[in-house]
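Enquirer: So that you have it, the file is entry.txt, and it contains compact mmCIF, C-alpha atoms:
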# COMPACT_ATOMS: atom_id res chain seq x y z
CA MET B 1 56.67 75.02 37.98
CA THR B 2 53.81 73.39 36.18
CA PRO B 3 53.03 69.86 37.22
CA GLU B 4 52.61 67.43 34.42
CA ASN B 5 49.18 65.94 34.61
CA ASP B 6 48.80 62.64 32.94
CA MET B 7 45.06 62.33 33.15
CA HIS B 8 43.47 59.68 31.07
CA ASP B 9 41.29 61.15 28.45
CA HIS B 10 39.04 58.22 27.91
CA ASP B 11 36.19 58.70 30.32
CA HIS B 12 33.78 58.84 27.40
CA ASP B 13 34.78 55.34 26.34
CA HIS B 14 33.38 53.86 29.50
CA ASP B 15 29.75 54.68 30.00
CA HIS B 16 29.55 52.07 32.68
CA ASP B 17 32.75 52.80 34.47
CA ASN B 18 30.77 53.07 37.67
CA HIS B 19 29.20 50.01 39.00
CA PHE B 20 28.30 48.95 42.51
CA SER B 21 28.50 45.31 43.45
CA GLU B 22 25.35 43.98 45.11
CA MET B 23 27.02 44.18 48.52
CA GLN B 24 28.29 47.71 48.00
CA ALA B 25 24.78 48.85 47.06
CA ARG B 26 23.21 47.09 50.03
CA VAL B 27 25.64 48.62 52.48
CA LYS B 28 25.00 52.05 50.98
CA ALA B 29 21.25 51.42 51.37
CA LEU B 30 21.70 50.56 55.05
CA GLU B 31 23.89 53.59 55.55
CA THR B 32 21.30 55.85 53.88
CA VAL B 33 18.38 54.66 55.95
CA LEU B 34 20.32 54.63 59.23
CA THR B 35 21.58 58.16 58.54
CA GLN B 36 18.06 59.36 57.73
CA LYS B 37 16.85 57.93 61.03
CA GLY B 38 19.62 59.75 62.85
CA LEU B 39 21.15 56.52 64.12
CA ILE B 40 24.50 56.92 62.48
CA ASP B 41 26.57 59.79 61.22
CA PRO B 42 28.61 58.98 58.09
CA ALA B 43 31.52 60.99 59.53
CA ALA B 44 31.51 58.78 62.63
CA ILE B 45 31.55 55.69 60.41
CA ASP B 46 34.51 57.07 58.48
CA ALA B 47 36.26 57.77 61.76
CA ILE B 48 35.85 54.15 62.88
CA VAL B 49 37.05 52.85 59.51
CA GLU B 50 40.01 55.19 59.68
CA THR B 51 41.16 53.81 63.03
CA TYR B 52 42.10 50.52 61.46
CA GLU B 53 42.52 51.29 57.77
CA THR B 54 46.31 51.28 57.89
CA LYS B 55 46.44 48.06 59.87
CA ILE B 56 44.09 46.14 57.64
CA GLY B 57 44.78 43.61 55.01
CA PRO B 58 47.86 41.83 53.85
CA ARG B 59 50.80 44.12 53.30
CA ASN B 60 51.11 42.82 49.78
CA GLY B 61 52.03 46.10 48.15
CA ALA B 62 54.94 46.64 50.54
CA ARG B 63 56.34 43.24 49.59
CA VAL B 64 56.03 44.06 45.90
CA VAL B 65 58.03 47.25 46.46
CA ALA B 66 60.68 45.54 48.59
CA LYS B 67 61.18 42.89 45.91
CA ALA B 68 61.45 45.53 43.19
CA TRP B 69 64.11 47.35 45.23
CA SER B 70 66.09 44.17 45.73
CA GLU B 71 65.74 42.40 42.40
CA PRO B 72 66.36 44.40 39.21
CA ASP B 73 64.81 41.65 37.09
CA PHE B 74 61.60 41.82 39.08
CA ALA B 75 61.62 45.62 38.82
CA ASP B 76 61.91 45.32 35.03
CA TRP B 77 59.05 42.86 34.90
CA LEU B 78 56.96 45.15 37.09
CA ARG B 79 57.67 48.05 34.74
CA ARG B 80 56.64 46.01 31.69
CA ASP B 81 53.71 44.05 33.04
CA ALA B 82 52.76 44.90 36.60
CA THR B 83 49.62 42.75 36.49
CA ALA B 84 51.62 39.59 35.80
CA ALA B 85 54.56 40.47 38.07
CA ILE B 86 52.25 41.12 41.02
CA ALA B 87 50.17 38.04 40.28
CA SER B 88 53.37 35.95 40.34
CA LEU B 89 53.54 36.68 44.08
CA GLY B 90 50.04 35.27 44.50
CA TYR B 91 48.38 38.69 44.90
CA THR B 92 45.62 38.68 42.36
CA GLY B 93 43.11 41.40 41.84
CA ARG B 94 39.58 41.02 40.77
CA GLN B 95 38.64 39.98 37.30
CA GLY B 96 39.68 42.50 34.69
CA GLU B 97 41.72 44.59 37.08
CA HIS B 98 44.98 45.68 35.52
CA MET B 99 47.81 47.10 37.50
CA ARG B 100 50.46 49.50 36.40
CA ALA B 101 53.53 50.29 38.49
CA VAL B 102 54.86 53.84 38.28
CA PHE B 103 58.38 54.36 39.58
CA ASN B 104 59.48 57.44 41.45
CA THR B 105 62.83 58.79 40.32
CA PRO B 106 64.90 61.82 41.32
CA GLU B 107 63.26 63.59 38.36
CA THR B 108 59.65 62.50 38.80
CA HIS B 109 57.32 61.86 41.71
CA ASN B 110 54.09 59.97 41.02
CA LEU B 111 50.73 60.55 42.65
CA VAL B 112 47.56 58.48 42.20
CA VAL B 113 44.04 59.83 42.52
CA CYS B 114 40.43 58.77 42.10
CA THR B 115 37.37 59.80 44.05
CA LEU B 116 35.74 56.44 43.58
CA CYS B 117 36.50 53.79 46.07
CA SER B 118 35.98 51.21 43.33
CA CYS B 119 39.15 52.45 41.65
CA TYR B 120 41.66 51.29 44.18
CA PRO B 121 43.65 48.07 44.21
CA TRP B 122 42.43 46.56 47.50
CA SER B 123 44.13 43.28 47.04
CA VAL B 124 47.51 44.96 46.81
CA LEU B 125 47.19 48.05 48.97
CA GLY B 126 44.60 47.04 51.55
CA LEU B 127 41.92 49.56 52.49
CA PRO B 128 42.05 53.04 50.99
CA PRO B 129 42.39 56.02 53.30
CA VAL B 130 39.14 57.89 53.90
CA TRP B 131 40.51 61.07 52.29
CA TYR B 132 41.24 59.15 49.08
CA LYS B 133 37.51 58.94 48.41
CA ALA B 134 36.87 62.61 49.20
CA PRO B 135 36.04 64.78 46.15
CA PRO B 136 38.36 67.62 47.29
CA TYR B 137 41.35 65.29 47.22
CA ARG B 138 40.95 64.40 43.56
CA SER B 139 40.21 67.89 42.31
CA ARG B 140 42.99 69.45 44.35
CA ALA B 141 45.48 66.71 43.56
CA VAL B 142 45.00 67.48 39.88
CA ILE B 143 45.10 71.27 40.16
CA ASP B 144 47.72 71.66 42.86
CA PRO B 145 49.54 68.40 43.56
CA ARG B 146 52.44 70.17 45.21
CA GLY B 147 50.09 71.91 47.63
CA VAL B 148 48.36 68.62 48.46
CA LEU B 149 51.69 66.91 49.08
CA ASP B 150 52.74 69.81 51.24
CA GLU B 151 49.67 69.22 53.41
CA PHE B 152 50.69 65.59 53.74
CA GLY B 153 54.06 66.83 54.97
CA VAL B 154 55.88 65.81 51.81
CA ALA B 155 58.28 68.45 50.51
CA LEU B 156 59.79 67.43 47.19
CA PRO B 157 63.07 68.78 45.93
CA GLU B 158 62.73 71.84 43.71
CA GLY B 159 62.71 70.63 40.12
CA GLN B 160 61.24 67.18 40.78
CA LYS B 161 58.20 66.89 38.53
CA ILE B 162 54.90 65.49 39.75
CA ARG B 163 52.87 63.17 37.56
CA VAL B 164 49.26 62.63 38.52
CA TRP B 165 47.68 59.33 37.48
CA ASP B 166 43.94 58.88 37.32
CA SER B 167 42.87 55.45 38.40
CA THR B 168 40.05 53.84 36.44
CA ALA B 169 37.93 50.76 36.83
CA GLU B 170 40.20 48.96 34.36
CA LEU B 171 43.61 50.25 35.35
CA ARG B 172 44.96 50.82 38.84
CA TYR B 173 48.28 52.14 39.91
CA ILE B 174 50.88 51.36 42.50
CA VAL B 175 53.64 53.89 43.09
CA ILE B 176 57.08 52.38 43.62
CA PRO B 177 58.72 54.87 45.97
CA GLN B 178 62.45 55.56 45.83
CA ARG B 179 64.50 53.27 48.00
CA PRO B 180 65.70 55.16 51.08
CA ALA B 181 69.44 55.76 51.46
CA GLY B 182 71.39 53.55 53.80
CA THR B 183 69.26 50.45 53.31
CA GLU B 184 71.78 48.40 51.31
CA GLY B 185 72.15 45.76 54.02
CA LEU B 186 68.45 45.18 54.62
CA ASP B 187 66.61 42.06 53.53
CA GLN B 188 63.18 42.23 51.87
CA ASP B 189 61.24 41.81 55.12
CA ALA B 190 63.06 44.75 56.68
CA LEU B 191 62.63 46.78 53.51
CA ALA B 192 58.89 46.06 53.39
CA ASP B 193 58.57 47.60 56.85
CA LEU B 194 59.74 50.92 55.39
CA VAL B 195 57.00 50.97 52.75
CA THR B 196 53.87 52.77 53.93
CA ARG B 197 50.50 52.57 52.27
CA ASP B 198 50.65 56.31 51.53
CA SER B 199 54.03 55.94 49.81
CA MET B 200 52.37 53.54 47.34
CA ILE B 201 49.70 56.16 46.55
CA GLY B 202 52.33 58.87 46.28
CA THR B 203 51.14 60.99 49.19
CA GLY B 204 54.13 59.88 51.22
CA LEU B 205 57.67 58.63 50.85
CA ALA B 206 59.19 55.41 52.09
CA LYS B 207 60.40 55.70 55.69
CA PRO B 208 64.08 56.38 56.23
CA ALA B 209 66.25 53.43 57.30
CA GLY B 210 65.90 52.71 61.00
CA GLU B 211 62.34 53.96 61.18
CA ALA B 212 60.40 50.79 60.54
CA LEU B 213 56.65 50.72 61.21
CA MET C 1 34.65 46.39 77.19
CA ASN C 2 33.81 49.10 74.70
CA ALA C 3 31.41 48.68 71.79
CA PHE C 4 34.23 47.85 69.42
CA GLU C 5 35.51 45.02 71.63
CA LEU C 6 31.98 43.81 72.25
CA THR C 7 31.33 43.67 68.52
CA LEU C 8 34.53 41.68 68.10
CA SER C 9 33.69 39.24 70.86
CA GLY C 10 30.02 39.03 69.83
CA SER C 11 30.88 38.12 66.26
CA PRO C 12 31.80 34.49 65.84
CA GLU C 13 34.37 33.54 63.18
CA LEU C 14 35.23 37.17 62.39
CA PRO C 15 38.43 37.09 60.30
CA LYS C 16 41.19 38.64 62.41
CA SER C 17 44.86 39.44 61.98
CA ASN C 18 47.56 38.12 64.31
CA GLU C 19 47.19 41.34 66.30
CA GLY C 20 43.48 40.68 66.77
CA ASP C 21 42.26 43.38 64.41
CA PRO C 22 39.42 42.57 62.02
CA VAL C 23 40.50 41.85 58.47
CA PHE C 24 38.49 43.25 55.58
CA SER C 25 39.05 42.57 51.94
CA GLU C 26 36.86 45.41 50.68
CA PRO C 27 35.80 48.75 52.14
CA TRP C 28 32.09 47.98 52.24
CA GLN C 29 32.95 45.26 54.75
CA ALA C 30 34.67 47.79 56.99
CA GLU C 31 31.70 50.13 56.61
CA ALA C 32 29.23 47.41 57.56
CA PHE C 33 31.42 46.55 60.54
CA ALA C 34 31.67 50.21 61.60
CA MET C 35 27.90 50.72 61.34
CA THR C 36 27.36 47.70 63.57
CA VAL C 37 29.81 49.04 66.16
CA ARG C 38 28.03 52.38 66.12
CA LEU C 39 24.52 50.91 66.49
CA HIS C 40 25.83 48.86 69.36
CA GLU C 41 27.29 51.91 71.01
CA LYS C 42 23.94 53.68 70.70
CA GLY C 43 22.15 50.78 72.32
CA VAL C 44 20.04 50.05 69.24
CA PHE C 45 20.65 46.35 69.90
CA SER C 46 22.51 44.37 72.51
CA TRP C 47 25.51 42.25 71.77
CA SER C 48 23.55 39.06 72.38
CA GLU C 49 20.92 40.16 69.87
CA TRP C 50 23.69 40.83 67.38
CA ALA C 51 25.47 37.54 68.02
CA GLU C 52 22.22 35.67 67.54
CA ALA C 53 21.36 37.44 64.28
CA LEU C 54 24.85 36.88 62.89
CA SER C 55 24.96 33.22 63.91
CA HIS C 56 21.62 32.67 62.27
CA GLU C 57 23.06 33.84 58.93
CA LEU C 58 26.43 32.12 59.38
CA TYR C 59 24.90 28.71 60.02
CA LYS C 60 22.47 28.80 57.14
CA PRO C 61 23.05 26.06 54.58
CA GLY C 62 24.64 26.95 51.27
CA ARG C 63 27.53 29.03 52.55
CA ARG C 64 30.73 29.12 50.51
CA ALA C 65 33.27 26.57 51.65
CA ASP C 66 36.07 29.14 51.85
CA ALA C 67 33.97 31.45 54.07
CA SER C 68 34.56 34.34 51.65
CA ASP C 69 30.90 35.23 52.10
CA TYR C 70 31.38 36.04 55.80
CA PHE C 71 30.56 39.72 55.38
CA ASP C 72 27.65 38.92 53.06
CA CYS C 73 26.21 37.12 56.08
CA TRP C 74 27.13 40.10 58.24
CA VAL C 75 25.15 42.49 56.03
CA ALA C 76 22.22 40.05 55.88
CA ALA C 77 22.21 39.85 59.69
CA LEU C 78 22.37 43.62 60.08
CA SER C 79 19.56 44.08 57.53
CA ARG C 80 17.38 41.54 59.32
CA LEU C 81 17.99 43.05 62.70
CA VAL C 82 17.11 46.59 61.64
CA THR C 83 13.92 45.39 59.92
CA GLU C 84 12.95 43.30 62.94
CA LEU C 85 13.46 46.36 65.11
CA SER C 86 11.14 48.27 62.70
CA ILE C 87 13.85 50.83 61.94
CA THR C 88 13.20 50.17 58.28
CA SER C 89 11.44 47.65 56.09
CA ARG C 90 12.76 45.05 53.70
CA GLU C 91 10.99 46.92 50.86
CA GLN C 92 12.65 50.20 51.74
CA LEU C 93 16.08 48.57 51.86
CA ASP C 94 15.52 46.83 48.52
CA ASP C 95 14.31 50.08 46.92
CA LEU C 96 17.34 51.96 48.18
CA THR C 97 19.67 49.20 47.02
CA GLU C 98 18.23 49.43 43.49
CA SER C 99 18.44 53.19 43.65
CA TRP C 100 22.17 53.05 44.55
CA HIS C 101 22.78 50.68 41.63
CA ARG C 102 21.12 53.14 39.24
CA ALA C 103 22.95 56.08 40.81
CA ALA C 104 26.32 54.34 40.31
CA GLU C 105 25.58 53.55 36.66
CA ALA C 106 24.45 57.12 36.00
CA THR C 107 27.53 58.73 37.56
CA PRO C 108 30.43 59.47 35.23
CA HIS C 109 33.85 58.29 36.24
CA GLY C 110 35.66 60.72 38.49
CA LYS C 111 32.48 62.11 40.05
CA PRO C 112 31.36 61.01 43.49
CA ILE C 113 28.46 58.59 43.43
CA LEU C 114 25.51 60.26 45.11
CA LEU C 115 22.04 58.87 45.66
CA GLU C 116 20.50 61.88 43.91
CA ASN C 117 22.27 60.78 40.70
CA ASP C 118 19.66 58.02 40.39
CA PRO C 119 17.59 59.18 37.39
CA LYS C 120 14.43 57.73 38.92
CA ARG C 121 14.70 59.77 42.11
In structure tokens, what does this structure look like?

Expert:
Amino acid sequence: MTPENDMHDHDHDHDHDNHFSEMQARVKALETVLTQKGLIDPAAIDAIVETYETKIGPRNGARVVAKAWSEPDFADWLRRDATAAIASLGYTGRQGEHMRAVFNTPETHNLVVCTLCSCYPWSVLGLPPVWYKAPPYRSRAVIDPRGVLDEFGVALPEGQKIRVWDSTAELRYIVIPQRPAGTEGLDQDALADLVTRDSMIGTGLAKPAGEAL
Amino acid sequence: MNAFELTLSGSPELPKSNEGDPVFSEPWQAEAFAMTVRLHEKGVFSWSEWAEALSHELYKPGRRADASDYFDCWVAALSRLVTELSITSREQLDDLTESWHRAAEATPHGKPILLENDPKR
């Protein structure tokens, strides 16, 4: 089946979509010179970052998902105005950063891509995985999302569509995974433990009940 | 102690989680941290040299009251240390920083930002 790609066709509207903060540029400068001198290997740096990427940062996104699962009113708000709904929990992004929540359903699975590490909602999701920044991930996620998900060990039911969302500097996405079966009795803290970072990018699903982090 | 633990213990006021892991609010902070761990591991500088360089930046006047500039200080300390060790010069770092800014601006959305995208290179 053909995946439905919902790529944003407005790249040409944003000549200055890409922008490094002063600190980003300085760190890149250090990395460049240290790599040239043979003192560091960017792959080794990525490997170090990767060892703690999933443990880093407040688990804000997981709490947003748990609340949406538990409170239909909050879920509605999130659907209408994710920026405001998420900000109401005290998790604010940077200036001008808009969030959109995309909800997985039995019919549709959502997947978020962007090669640029600037297009990722840090304040909600914590650090991005190293592969998220890799060019092959974005190109392949667009061309063959089912194949990419397969590599992540996610097998979707036949007939469930995949929508691919392209993150931009202005608009970032959080995937609201489907609530796992058998979690009716769980409170929001317990539910949040089932929400992985990858499930909020769409490269994973929420953990089954009884398999908390 | 390994280099990672040494970097943790040699870095005063490093924001940490309840589990003792460093807390970063943006990826460049994690990258700066990782580079420091790696240089440590390679013996480019000792942990006391690092601690001294970092403290020097942390205790400069004019820091933000909420300490949100902690990793700005970190990068300043790392930059100072590598220039003092003659690995690079301040001028070279500044040139490369400007070059990365231009490369980012010149790269269309969706393409990886590469240094060679700087039109002046």

Enquirer: With a distance cut-off of 9 Å and all atoms listed in the file, select the neighbouring residues of Ala34 in chain C, excluding the residue or stretch itself and same-chain residues fewer than 6 positions from it, and output the selection as a ChimeraX atom specification.

Expert: /B:44-49 /C:4

Enquirer: Store the residues picked out above in a file with C-alpha atoms, as a tab-separated table (two decimals), keeping the file's coordinate frame.

Expert:
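Listing of again.tsv after writing:
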chain	number	residue	atom	x	y	z
B	44	ALA	CA	31.51	58.78	62.63
B	45	ILE	CA	31.55	55.69	60.41
B	46	ASP	CA	34.51	57.07	58.48
B	47	ALA	CA	36.26	57.77	61.76
B	48	ILE	CA	35.85	54.15	62.88
B	49	VAL	CA	37.05	52.85	59.51
C	4	PHE	CA	34.23	47.85	69.42

Enquirer: For CA of Arg63 in chain B and CA of Ile86 in chain B, quote the distance in Å rounded to one decimal.

Expert: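 Taking CA of Arg63 in chain B as the start and CA of Ile86 in chain B as the end point, the length is 9.7 Å.
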
Enquirer: For chain C, list the residues within 10 Å of chain B, counting only C-alpha atoms, and write the list as a ChimeraX atom specification.

Expert: /C:4,16-17,19,21-39,42,44,71-72,75-76,78-79,82,87-89,92-113,115

Enquirer: Work out how far apart CA of Leu81 in chain C and CA of Ser11 in chain C are and give it in Å to one decimal.

Expert: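 Spanning CA of Leu81 in chain C to CA of Ser11 in chain C is a straight-line distance of 14.3 Å.
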
Enquirer: Got a sec: who's within 9 Å of Asp81 in chain B, counting all atoms listed in the file, leaving out chain neighbours fewer than 6 positions off, as a ChimeraX atom specification?

Expert: /B:99-101

Enquirer: Can you pull out every residue within 7 Å of range 50-58 of chain C, counting all atoms listed in the file, but drop anything in the same chain fewer than 2 positions away, and send it as a PyMOL selection string?

Expert: chain C and resi 10-11+45-48+60+73-74+76-77+81

Enquirer: Produce a file of the selected residues containing C-alpha atoms, as a PDB file, keeping the file's coordinate frame.

Expert:
ATOM      1  CA  GLY C  10      30.020  39.030  69.830  1.00  0.00           C
ATOM      2  CA  SER C  11      30.880  38.120  66.260  1.00  0.00           C
ATOM      3  CA  PHE C  45      20.650  46.350  69.900  1.00  0.00           C
ATOM      4  CA  SER C  46      22.510  44.370  72.510  1.00  0.00           C
ATOM      5  CA  TRP C  47      25.510  42.250  71.770  1.00  0.00           C
ATOM      6  CA  SER C  48      23.550  39.060  72.380  1.00  0.00           C
ATOM      7  CA  LYS C  60      22.470  28.800  57.140  1.00  0.00           C
ATOM      8  CA  CYS C  73      26.210  37.120  56.080  1.00  0.00           C
ATOM      9  CA  TRP C  74      27.130  40.100  58.240  1.00  0.00           C
ATOM     10  CA  ALA C  76      22.220  40.050  55.880  1.00  0.00           C
ATOM     11  CA  ALA C  77      22.210  39.850  59.690  1.00  0.00           C
ATOM     12  CA  LEU C  81      17.990  43.050  62.700  1.00  0.00           C
TER      13      LEU C  81
END

Enquirer: Of the candidates B:Val175, B:Ala75, B:Leu186, B:Ala181, which one gets nearest to Asn104 in chain B if we count all atoms listed in the file?

Expert: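 The closest residue to Asn104 in chain B is B:Val175.
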
Enquirer: I'd like the interatomic distance between CA of Val142 in chain B and CA of Asn60 in chain B, to a tenth of an Å.

Expert: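 A separation of 27.3 Å between them.
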
Enquirer: From the set B:Pro106, B:Pro136, B:Pro177, B:Gly38, which residue has the shortest atom-to-atom contact distance to Thr196 in chain B, counting only C-alpha atoms?

Expert: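 Smallest distance to Thr196 in chain B is found for B:Pro177.
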
Enquirer: Of the candidates B:Ala155, B:Leu111, B:Ile201, B:Ala190, which shows the shortest atom-to-atom distance to Trp69 in chain B, using all atoms listed in the file?

Expert: B:Ala190

Enquirer: With distances taken over all atoms listed in the file, which of C:Glu91, C:Tyr70, C:Thr83, C:Asn117 is nearest to Pro12 in chain C?

Expert: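 Looking only at the distances to Pro12 in chain C, the closest residue turns out to be C:Tyr70.
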
Enquirer: Nearest to Thr105 in chain B: which of B:Arg140, B:Arg172, B:Arg179, B:Lys207 is it, counting only C-alpha atoms?

Expert: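 Closest residue, counting only C-alpha atoms: B:Arg179.
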